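Q: Sharing data-v8.tsv (TSV, C-alpha atoms and all ligand atoms) below.
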```
chain	number	residue	atom	x	y	z
A	1	MET	CA	7.89	-13.99	13.95
A	2	GLY	CA	8.59	-12.35	10.60
A	3	TYR	CA	8.71	-8.69	9.66
A	4	PHE	CA	5.83	-6.83	8.00
A	5	ILE	CA	6.53	-3.96	5.58
A	6	THR	CA	3.77	-2.06	3.78
A	7	PHE	CA	4.08	0.36	0.86
A	8	GLU	CA	1.72	3.32	0.65
A	9	GLY	CA	1.11	6.46	-1.40
A	10	ILE	CA	-1.23	7.90	-4.01
A	11	GLU	CA	-1.89	6.38	-7.47
A	12	GLY	CA	1.21	6.23	-9.63
A	13	CYS	CA	3.71	7.25	-6.91
A	14	GLY	CA	5.74	4.09	-7.65
A	15	LYS	CA	4.69	1.54	-5.00
A	16	THR	CA	4.50	-1.51	-7.26
A	17	THR	CA	7.78	-0.63	-9.01
A	18	GLN	CA	9.63	-0.16	-5.72
A	19	ILE	CA	8.15	-3.11	-3.83
A	20	ARG	CA	9.22	-5.46	-6.64
A	21	LEU	CA	12.75	-4.08	-6.59
A	22	LEU	CA	12.94	-4.43	-2.82
A	23	ALA	CA	11.65	-8.02	-2.99
A	24	GLU	CA	14.37	-8.91	-5.53
A	25	ARG	CA	17.08	-7.29	-3.40
A	26	LEU	CA	15.97	-8.98	-0.20
A	27	LYS	CA	15.73	-12.36	-1.93
A	28	ALA	CA	19.22	-11.87	-3.37
A	29	ALA	CA	20.40	-11.21	0.21
A	30	GLY	CA	18.98	-14.60	1.25
A	31	ARG	CA	15.75	-13.46	2.95
A	32	HIS	CA	12.51	-15.41	2.70
A	33	VAL	CA	10.11	-12.91	1.14
A	34	THR	CA	6.34	-12.96	0.62
A	35	LEU	CA	5.26	-10.26	-1.85
A	36	THR	CA	1.56	-9.48	-1.82
A	37	ARG	CA	-0.91	-6.64	-2.39
A	38	GLU	CA	-4.23	-5.14	-1.37
A	39	PRO	CA	-6.98	-5.18	-2.26
A	40	GLY	CA	-6.39	-8.81	-3.26
A	41	GLY	CA	-3.47	-11.11	-2.55
A	42	CYS	CA	-5.52	-14.33	-2.62
A	43	ALA	CA	-8.33	-15.72	-4.81
A	44	ILE	CA	-11.32	-14.50	-2.77
A	45	ALA	CA	-9.85	-11.05	-2.13
A	46	ASP	CA	-8.87	-10.74	-5.81
A	47	GLN	CA	-12.54	-11.16	-6.73
A	48	ILE	CA	-13.39	-8.30	-4.35
A	49	ARG	CA	-10.54	-6.25	-5.92
A	50	SER	CA	-12.13	-6.43	-9.33
A	51	ILE	CA	-15.40	-5.02	-7.93
A	52	LEU	CA	-13.53	-2.23	-6.09
A	53	LEU	CA	-11.36	-1.05	-8.99
A	54	ASP	CA	-13.84	-1.47	-11.87
A	55	ALA	CA	-14.43	2.02	-13.27
A	56	GLY	CA	-17.96	0.87	-14.22
A	57	ASN	CA	-18.89	0.81	-10.51
A	58	ARG	CA	-19.16	4.58	-10.17
A	59	ALA	CA	-22.38	4.21	-8.16
A	60	MET	CA	-20.57	2.48	-5.26
A	61	LEU	CA	-21.39	4.19	-1.96
A	62	PRO	CA	-18.57	5.04	0.50
A	63	HIS	CA	-19.74	2.59	3.18
A	64	ALA	CA	-20.09	-0.24	0.65
A	65	GLU	CA	-16.54	0.53	-0.54
A	66	LEU	CA	-15.20	0.52	3.02
A	67	LEU	CA	-16.86	-2.81	3.84
A	68	LEU	CA	-15.53	-4.44	0.67
A	69	TYR	CA	-11.99	-3.36	1.59
A	70	ALA	CA	-12.49	-4.79	5.09
A	71	ALA	CA	-13.82	-8.10	3.73
A	72	ALA	CA	-10.90	-8.45	1.30
A	73	ARG	CA	-8.42	-7.61	4.07
A	74	ALA	CA	-9.89	-10.09	6.56
A	75	GLN	CA	-9.46	-12.90	4.02
A	76	HIS	CA	-5.99	-11.77	2.90
A	77	VAL	CA	-4.59	-11.34	6.43
A	78	GLY	CA	-5.95	-14.70	7.58
A	79	GLU	CA	-4.98	-16.64	4.48
A	80	VAL	CA	-1.67	-15.02	3.46
A	81	VAL	CA	-0.15	-12.34	5.73
A	82	LYS	CA	-0.47	-13.97	9.16
A	83	PRO	CA	0.72	-17.44	8.09
A	84	ALA	CA	3.72	-15.90	6.28
A	85	LEU	CA	4.67	-13.81	9.34
A	86	ASP	CA	4.20	-16.81	11.63
A	87	GLY	CA	6.57	-18.71	9.31
A	88	GLY	CA	9.25	-16.03	9.82
A	89	ASN	CA	9.03	-14.38	6.38
A	90	VAL	CA	9.57	-10.76	5.47
A	91	VAL	CA	6.12	-9.85	4.16
A	92	LEU	CA	5.93	-6.97	1.67
A	93	CYS	CA	2.41	-5.69	1.03
A	94	ASP	CA	1.49	-3.14	-1.68
A	95	ARG	CA	-1.07	-0.99	0.23
A	96	PHE	CA	-2.65	-1.91	3.58
A	97	THR	CA	-4.63	-0.32	6.45
A	98	ASP	CA	-3.16	3.18	6.03
A	99	ALA	CA	-4.62	3.30	2.51
A	100	THR	CA	-8.09	2.76	3.98
A	101	ILE	CA	-7.59	5.64	6.42
A	102	ALA	CA	-6.18	7.94	3.69
A	103	TYR	CA	-8.75	7.09	0.97
A	104	GLN	CA	-11.94	6.25	2.84
A	105	SER	CA	-11.53	8.66	5.78
A	106	SER	CA	-9.40	11.60	4.52
A	107	GLY	CA	-10.56	11.19	0.89
A	108	ARG	CA	-14.22	10.18	1.23
A	109	GLY	CA	-14.93	11.70	4.63
A	110	ILE	CA	-15.99	8.57	6.57
A	111	ASP	CA	-15.32	9.12	10.26
A	112	ARG	CA	-11.95	7.85	11.44
A	113	GLY	CA	-13.39	5.75	14.29
A	114	THR	CA	-15.46	3.63	11.88
A	115	VAL	CA	-12.44	3.03	9.62
A	116	ASP	CA	-10.23	2.13	12.60
A	117	THR	CA	-12.83	-0.34	13.92
A	118	LEU	CA	-13.04	-2.15	10.56
A	119	ASN	CA	-9.25	-2.15	10.13
A	120	SER	CA	-8.74	-3.80	13.50
A	121	LEU	CA	-11.56	-6.28	12.88
A	122	ALA	CA	-9.95	-7.30	9.58
A	123	CYS	CA	-6.37	-7.47	10.90
A	124	GLY	CA	-6.82	-9.46	14.10
A	125	GLY	CA	-3.77	-7.83	15.69
A	126	VAL	CA	-1.48	-7.88	12.63
A	127	ARG	CA	0.23	-4.48	12.26
A	128	PRO	CA	2.97	-3.23	9.93
A	129	ASP	CA	6.44	-2.99	11.50
A	130	LEU	CA	7.52	-0.50	8.84
A	131	THR	CA	5.53	1.54	6.31
A	132	VAL	CA	7.24	3.08	3.30
A	133	LEU	CA	5.28	6.15	2.19
A	134	ILE	CA	6.25	7.26	-1.31
A	135	ASP	CA	5.19	10.89	-1.30
A	136	CYS	CA	4.30	12.36	-4.67
A	137	ASP	CA	2.50	15.32	-6.18
A	138	PRO	CA	-0.94	14.04	-7.31
A	139	ALA	CA	-0.66	15.53	-10.82
A	140	GLN	CA	2.64	13.67	-11.37
A	141	GLY	CA	1.36	10.41	-9.86
A	142	LEU	CA	-1.88	10.45	-11.87
A	143	GLU	CA	0.00	11.13	-15.10
A	144	ARG	CA	2.27	8.11	-14.44
A	145	ALA	CA	-0.74	5.93	-13.51
A	146	ARG	CA	-2.61	7.02	-16.65
A	147	ARG	CA	0.34	6.09	-18.86
A	148	ARG	CA	0.62	2.70	-17.16
A	149	ILE	CA	-3.12	2.00	-17.65
A	150	GLU	CA	-2.97	3.02	-21.34
A	151	ALA	CA	0.03	0.71	-21.91
A	152	SER	CA	-1.53	-2.30	-20.13
A	153	SER	CA	-3.62	-4.93	-21.86
A	154	GLY	CA	-5.28	-6.15	-18.61
A	155	PRO	CA	-8.53	-4.88	-17.00
A	156	ARG	CA	-8.69	-1.07	-16.64
A	157	GLU	CA	-8.44	-0.77	-12.84
A	158	GLU	CA	-9.04	2.97	-12.80
A	159	ARG	CA	-12.02	3.80	-10.55
A	160	PHE	CA	-9.77	5.85	-8.24
A	161	GLU	CA	-7.69	7.40	-11.02
A	162	LEU	CA	-10.91	8.98	-12.31
A	163	GLU	CA	-11.47	10.91	-9.05
A	164	ALA	CA	-10.79	14.68	-9.04
A	165	LEU	CA	-7.34	16.04	-8.22
A	166	ALA	CA	-8.72	17.50	-4.96
A	167	PHE	CA	-9.60	13.97	-3.80
A	168	HIS	CA	-6.03	12.81	-4.39
A	169	GLN	CA	-4.69	15.88	-2.61
A	170	ARG	CA	-6.78	14.98	0.48
A	171	VAL	CA	-5.45	11.41	0.29
A	172	ARG	CA	-1.85	12.65	0.10
A	173	ASP	CA	-2.41	14.99	3.06
A	174	GLY	CA	-4.04	12.13	4.98
A	175	TYR	CA	-1.00	9.93	4.44
A	176	LEU	CA	1.38	12.71	5.54
A	177	ALA	CA	-0.66	13.26	8.71
A	178	LEU	CA	-0.51	9.54	9.51
A	179	ALA	CA	3.26	9.55	9.01
A	180	ALA	CA	3.68	12.61	11.23
A	181	GLY	CA	1.78	10.82	14.00
A	182	GLU	CA	3.91	7.66	13.86
A	183	PRO	CA	7.41	8.76	12.79
A	184	HIS	CA	9.11	5.56	13.91
A	185	ARG	CA	6.86	3.28	11.83
A	186	PHE	CA	6.90	5.43	8.67
A	187	LEU	CA	9.73	5.99	6.23
A	188	ILE	CA	8.78	8.86	3.91
A	189	VAL	CA	10.59	8.93	0.57
A	190	ASP	CA	10.35	11.55	-2.17
A	191	GLY	CA	8.60	9.93	-5.15
A	192	SER	CA	9.56	12.62	-7.68
A	193	GLY	CA	13.04	11.24	-8.48
A	194	SER	CA	14.18	8.36	-10.67
A	195	VAL	CA	13.30	4.73	-9.90
A	196	GLU	CA	16.92	4.06	-8.84
A	197	ARG	CA	17.11	7.13	-6.63
A	198	ILE	CA	13.94	6.14	-4.76
A	199	ALA	CA	15.18	2.54	-4.37
A	200	ALA	CA	18.46	3.89	-2.98
A	201	ALA	CA	16.48	5.72	-0.29
A	202	ILE	CA	14.51	2.59	0.66
A	203	THR	CA	16.86	-0.42	0.51
A	204	PRO	CA	19.49	0.62	3.12
A	205	GLN	CA	16.78	1.69	5.59
A	206	VAL	CA	14.99	-1.63	5.28
A	207	SER	CA	18.24	-3.59	5.56
A	208	SER	CA	19.24	-1.79	8.73
A	209	ARG	CA	15.79	-2.37	10.31
A	210	LEU	CA	16.07	-6.08	9.51
A	211	GLU	CA	19.59	-6.18	10.97
A	212	GLU	CA	18.36	-4.48	14.17
A	213	LEU	CA	15.63	-7.08	14.45
A	214	HIS	CA	18.14	-9.89	13.98
A	215	HIS	CA	20.29	-8.53	16.84
A	216	ALA	CA	17.25	-7.89	19.05
A	217	VAL	CA	16.09	-11.53	18.96
A	218	ARG	CA	19.55	-12.98	19.58
B	301	LIG	N1	10.34	7.16	-10.23
B	301	LIG	C1	9.68	7.00	-11.36
B	301	LIG	N2	9.87	7.83	-12.39
B	301	LIG	C2	9.17	7.69	-13.54
B	301	LIG	N3	8.25	6.73	-13.78
B	301	LIG	C3	8.02	5.86	-12.78
B	301	LIG	C4	8.71	5.95	-11.53
B	301	LIG	N4	8.25	4.95	-10.72
B	301	LIG	C5	7.32	4.30	-11.43
B	301	LIG	N5	7.19	4.82	-12.67
B	301	LIG	C6	6.26	4.39	-13.73
B	301	LIG	O1	5.01	5.01	-13.43
B	301	LIG	C7	3.94	4.09	-13.55
B	301	LIG	C8	3.27	3.90	-12.20
B	301	LIG	O2	4.19	3.26	-11.30
B	301	LIG	P1	3.69	2.12	-10.31
B	301	LIG	O3	2.78	1.19	-11.03
B	301	LIG	O4	4.89	1.56	-9.65
B	301	LIG	O5	2.87	3.04	-9.28
B	301	LIG	P2	1.85	2.60	-8.13
B	301	LIG	O6	2.13	3.51	-6.99
B	301	LIG	O7	1.96	1.14	-7.90
B	301	LIG	O8	0.45	2.97	-8.80
B	301	LIG	P3	-1.03	2.43	-8.38
B	301	LIG	O9	-1.39	3.13	-7.11
B	301	LIG	O10	-1.89	2.91	-9.51
B	301	LIG	O11	-0.95	0.94	-8.27
B	301	LIG	C9	4.55	2.80	-14.10
B	301	LIG	O12	4.39	2.80	-15.49
B	301	LIG	C10	6.02	2.90	-13.73
B	301	LIG	O13	6.84	2.24	-14.65
B	302	MG	MG	0.52	-0.37	-8.00
```
Please lay out the structure from this file as C-alpha cells.

A:
Amino acid sequence: MGYFITFEGIEGCGKTTQIRLLAERLKAAGRHVTLTREPGGCAIADQIRSILLDAGNRAMLPHAELLLYAAARAQHVGEVVKPALDGGNVVLCDRFTDATIAYQSSGRGIDRGTVDTLNSLACGGVRPDLTVLIDCDPAQGLERARRRIEASSGPREERFELEALAFHQRVRDGYLALAAGEPHRFLIVDGSGSVERIAAAITPQVSSRLEELHHAVR
C-alpha cells in the first residue's frame, strides 16, 4: 500500500505551489509520486471540473454542486488514486474530501451527514493518511488567487473566488474545526509566510511520516 497525502485550504492559500514543491522533493529523494488534483485528475472528472469552476454557472444549486463533486471524485478515486496507492505510490492530491465538508457543508450550509454519505460513496474506503492544511486569512488568499487568475491565459476558474468574504471565512473555520477533531491526520501550517518558509514547515514532517511508515512495515 502507498501513502495518501491531501492538501487543503481556502483559495490562494498556496496549495498548488506547495504540492508541486513537495512532489519535486519527494521525487528527488527517490519516491514514486503521483501528483493529482480535485475536482479533476482524469479526463471525465476534468470535464466536471470545468462545469464546477465556470464563473458563468452562478445559478448552480448547492445540491447540484455537491453531486457533481461526488461524481468527479468517484471517477478520480477509482481511475487514479486507488490504483496508484495499490501500486505503492505516494499520492499527493490538491484538495479532497475535506474541501467538500468545508465548502459545501460549512460554506453552503448542506447538512454534514449528507456530505459525509456522498464522500464515503465516492471514496470506497480510500482515506487520506495525512492532510496538510495551509491556513490563511481569506483576504490575503483571495488577493493572491485574483492575481494568479489575472496573470493566467487559461479558462477563468473563479466561481468560488467570486463568493463573499464571509463565505470564505466560514470555509476557513470549517477546515480548522476538522483539523481540531483529527489532530493526528492534519498538519496545519501558517500560509502567511514566504513560499520557502511554508515548504520548510511541510517537507520534514512529510519525510518523517514516510520514514515511520517504512519502519512500521518492516
Ligand atoms: N507564500 C506565498 N507568498 C506569496 N505568494 C504566494 C505564496 N504561495 C503562493 N503564492 C502565489 O499566490 C497565488 C496562489 O497560489 P496557489 O495557486 O499555490 O494557491 P492555491 O491554494 O492553489 O489556490 P486555489 O485554491 O485558487 O487553487 C499564485 O500566484 C502563487 O504564485
Ligand atoms: Mg490551486

Q: Per residue of chain A within 8 Å of ligand LIG 301 (chain B), which atom pair is closest and at what distance in Å (one decimal), using all atoms listed in the file, listed by chain and increasing number, as a tab-separated table?

A:
```
residue	atom	partner	partner_atom	distance
A:Glu8	CA	B:LIG301	O6	7.7
A:Gly9	CA	B:LIG301	O6	6.4
A:Ile10	CA	B:LIG301	O9	5.7
A:Glu11	CA	B:LIG301	O9	3.3
A:Gly12	CA	B:LIG301	O8	3.4
A:Cys13	CA	B:LIG301	O6	4.1
A:Gly14	CA	B:LIG301	O4	3.3
A:Lys15	CA	B:LIG301	O6	3.8
A:Thr16	CA	B:LIG301	O7	3.7
A:Thr17	CA	B:LIG301	O4	3.7
A:Gln18	CA	B:LIG301	O4	6.4
A:Asp94	CA	B:LIG301	O7	7.6
A:Ile134	CA	B:LIG301	O6	8.0
A:Gly141	CA	B:LIG301	C8	7.2
A:Leu142	CA	B:LIG301	O10	7.9
A:Arg144	CA	B:LIG301	O1	4.3
A:Ala145	CA	B:LIG301	C8	4.7
A:Arg146	CA	B:LIG301	C7	7.8
A:Arg147	CA	B:LIG301	O12	6.2
A:Arg148	CA	B:LIG301	O12	4.1
A:Ile149	CA	B:LIG301	O12	7.9
A:Glu158	CA	B:LIG301	O10	7.9
A:Glu161	CA	B:LIG301	O10	7.5
A:Gly191	CA	B:LIG301	N1	6.0
A:Ser192	CA	B:LIG301	N1	6.1
A:Gly193	CA	B:LIG301	N1	5.2
A:Ser194	CA	B:LIG301	N1	4.0
A:Val195	CA	B:LIG301	N1	3.8
A:Glu196	CA	B:LIG301	N1	7.4
A:Arg197	CA	B:LIG301	N1	7.7
A:Ile198	CA	B:LIG301	N1	6.6
```

Q: Could you turn the residues from that selection into a file that holds C-alpha atoms, as a CSV table (one decimal), in the coordinates of the input?

A:
```csv
chain,number,residue,atom,x,y,z
A,8,GLU,CA,1.7,3.3,0.6
A,9,GLY,CA,1.1,6.5,-1.4
A,10,ILE,CA,-1.2,7.9,-4.0
A,11,GLU,CA,-1.9,6.4,-7.5
A,12,GLY,CA,1.2,6.2,-9.6
A,13,CYS,CA,3.7,7.2,-6.9
A,14,GLY,CA,5.7,4.1,-7.6
A,15,LYS,CA,4.7,1.5,-5.0
A,16,THR,CA,4.5,-1.5,-7.3
A,17,THR,CA,7.8,-0.6,-9.0
A,18,GLN,CA,9.6,-0.2,-5.7
A,94,ASP,CA,1.5,-3.1,-1.7
A,134,ILE,CA,6.2,7.3,-1.3
A,141,GLY,CA,1.4,10.4,-9.9
A,142,LEU,CA,-1.9,10.4,-11.9
A,144,ARG,CA,2.3,8.1,-14.4
A,145,ALA,CA,-0.7,5.9,-13.5
A,146,ARG,CA,-2.6,7.0,-16.6
A,147,ARG,CA,0.3,6.1,-18.9
A,148,ARG,CA,0.6,2.7,-17.2
A,149,ILE,CA,-3.1,2.0,-17.6
A,158,GLU,CA,-9.0,3.0,-12.8
A,161,GLU,CA,-7.7,7.4,-11.0
A,191,GLY,CA,8.6,9.9,-5.2
A,192,SER,CA,9.6,12.6,-7.7
A,193,GLY,CA,13.0,11.2,-8.5
A,194,SER,CA,14.2,8.4,-10.7
A,195,VAL,CA,13.3,4.7,-9.9
A,196,GLU,CA,16.9,4.1,-8.8
A,197,ARG,CA,17.1,7.1,-6.6
A,198,ILE,CA,13.9,6.1,-4.8
```

Q: Measuring atom to atom with only C-alpha atoms, identify which of A:Phe7, A:Phe167, A:Phe96, A:Tyr103 is nearest to Val126 of chain A.

A: A:Phe96

Q: State, in Å with one decimal place, the distance from atom CA of Gly174 of chain A to atom CA of Ala102 of chain A.

A: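 Here the two named atoms are 4.9 Å from each other.
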
Q: Set the distance at 10 Å and use all atoms listed in the file: which residues neighbour Leu121 of chain A once local chain neighbours fewer than 6 positions away are removed? I'd like the list as a PyMOL selection string.

A: chain A and resi 70-71+73-74+115

Q: With 5 Å added on each side, what axis-aligned box encloses every listed atom of segment 169-186 of chain A? Give the centre and edge lengths in Å to one decimal, as lines of an AutoDock Vina configuration file.

A:
```
center_x = 1.2
center_y = 9.6
center_z = 5.7
size_x = 25.9
size_y = 22.6
size_z = 26.6
```

Q: Rounded to one decimal place, report the atom CA of Ala122 of chain A-atom CA of Arg31 of chain A distance in Å.

A: 27.2 Å

Q: Measuring between only C-alpha atoms, which one of A:Arg209, A:His214, A:Arg156, A:Arg185 shows the shortest distance to Ser50 of chain A?

A: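 Among the listed residues, A:Arg156 lies closest to Ser50 of chain A.
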
Q: Can you tell me, as a ChimeraX atom specification, what residues are no more than 7 Å from Asp86 of chain A when counting all atoms listed in the file, ignoring any on the same chain fewer than 4 positions away?

A: /A:1-2,82

Q: Might you pull out every residue within 10 Å of segment 88-93 of chain A, with only C-alpha atoms counted and same-chain residues fewer than 3 positions away left off, and present them as a ChimeraX atom specification?

A: /A:1-8,15-16,19-20,22-23,26-27,31-39,41,80-85,96,128,130-131,210

Q: Any idea what the distance is between atom CA of Asp111 of chain A and atom CA of Gly124 of chain A?

A: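 Between atom CA of Asp111 of chain A and atom CA of Gly124 of chain A the gap is 20.8 Å.
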
Q: For segment 177-181 of chain A, please output as an MDAnalysis selection string all residues within 12 Å (counting all atoms listed in the file; exclusion window: fewer than 2 positions along the same chain).

A: chainID A and resid 8:9 97:102 105:106 112 130:135 170:175 183:189

Q: In terms of the shortest atom-to-atom distance over all atoms listed in the file, which of A:Ala29, A:Ala200, A:Ala151, A:Ile110 is closest to Leu61 of chain A?

A: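 Answer, going by the shortest atom-to-atom distance: A:Ile110.
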
Q: Measuring atom to atom with all atoms listed in the file, identify which of A:Gln169, A:Glu157, A:Gln47, A:Asp137 is nearest to ligand MG 302 (chain B).

A: A:Glu157

Q: Identify which of the residues A:Cys123, A:Arg95, A:Pro62, A:Ile51 lies closest to ligand MG 302 (chain B), counting all atoms listed in the file when measuring atom-to-atom distances.

A: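 When distances to ligand MG 302 (chain B) are compared using all atoms listed in the file, the smallest one comes from A:Arg95.
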
Q: Here is a test: counting only C-alpha atoms, which residue of A:Ile202, A:Glu24, A:Gly30, A:Gly40 is nearest to Val77 of chain A?

A: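 When distances to Val77 of chain A are compared using only C-alpha atoms, the smallest one comes from A:Gly40.
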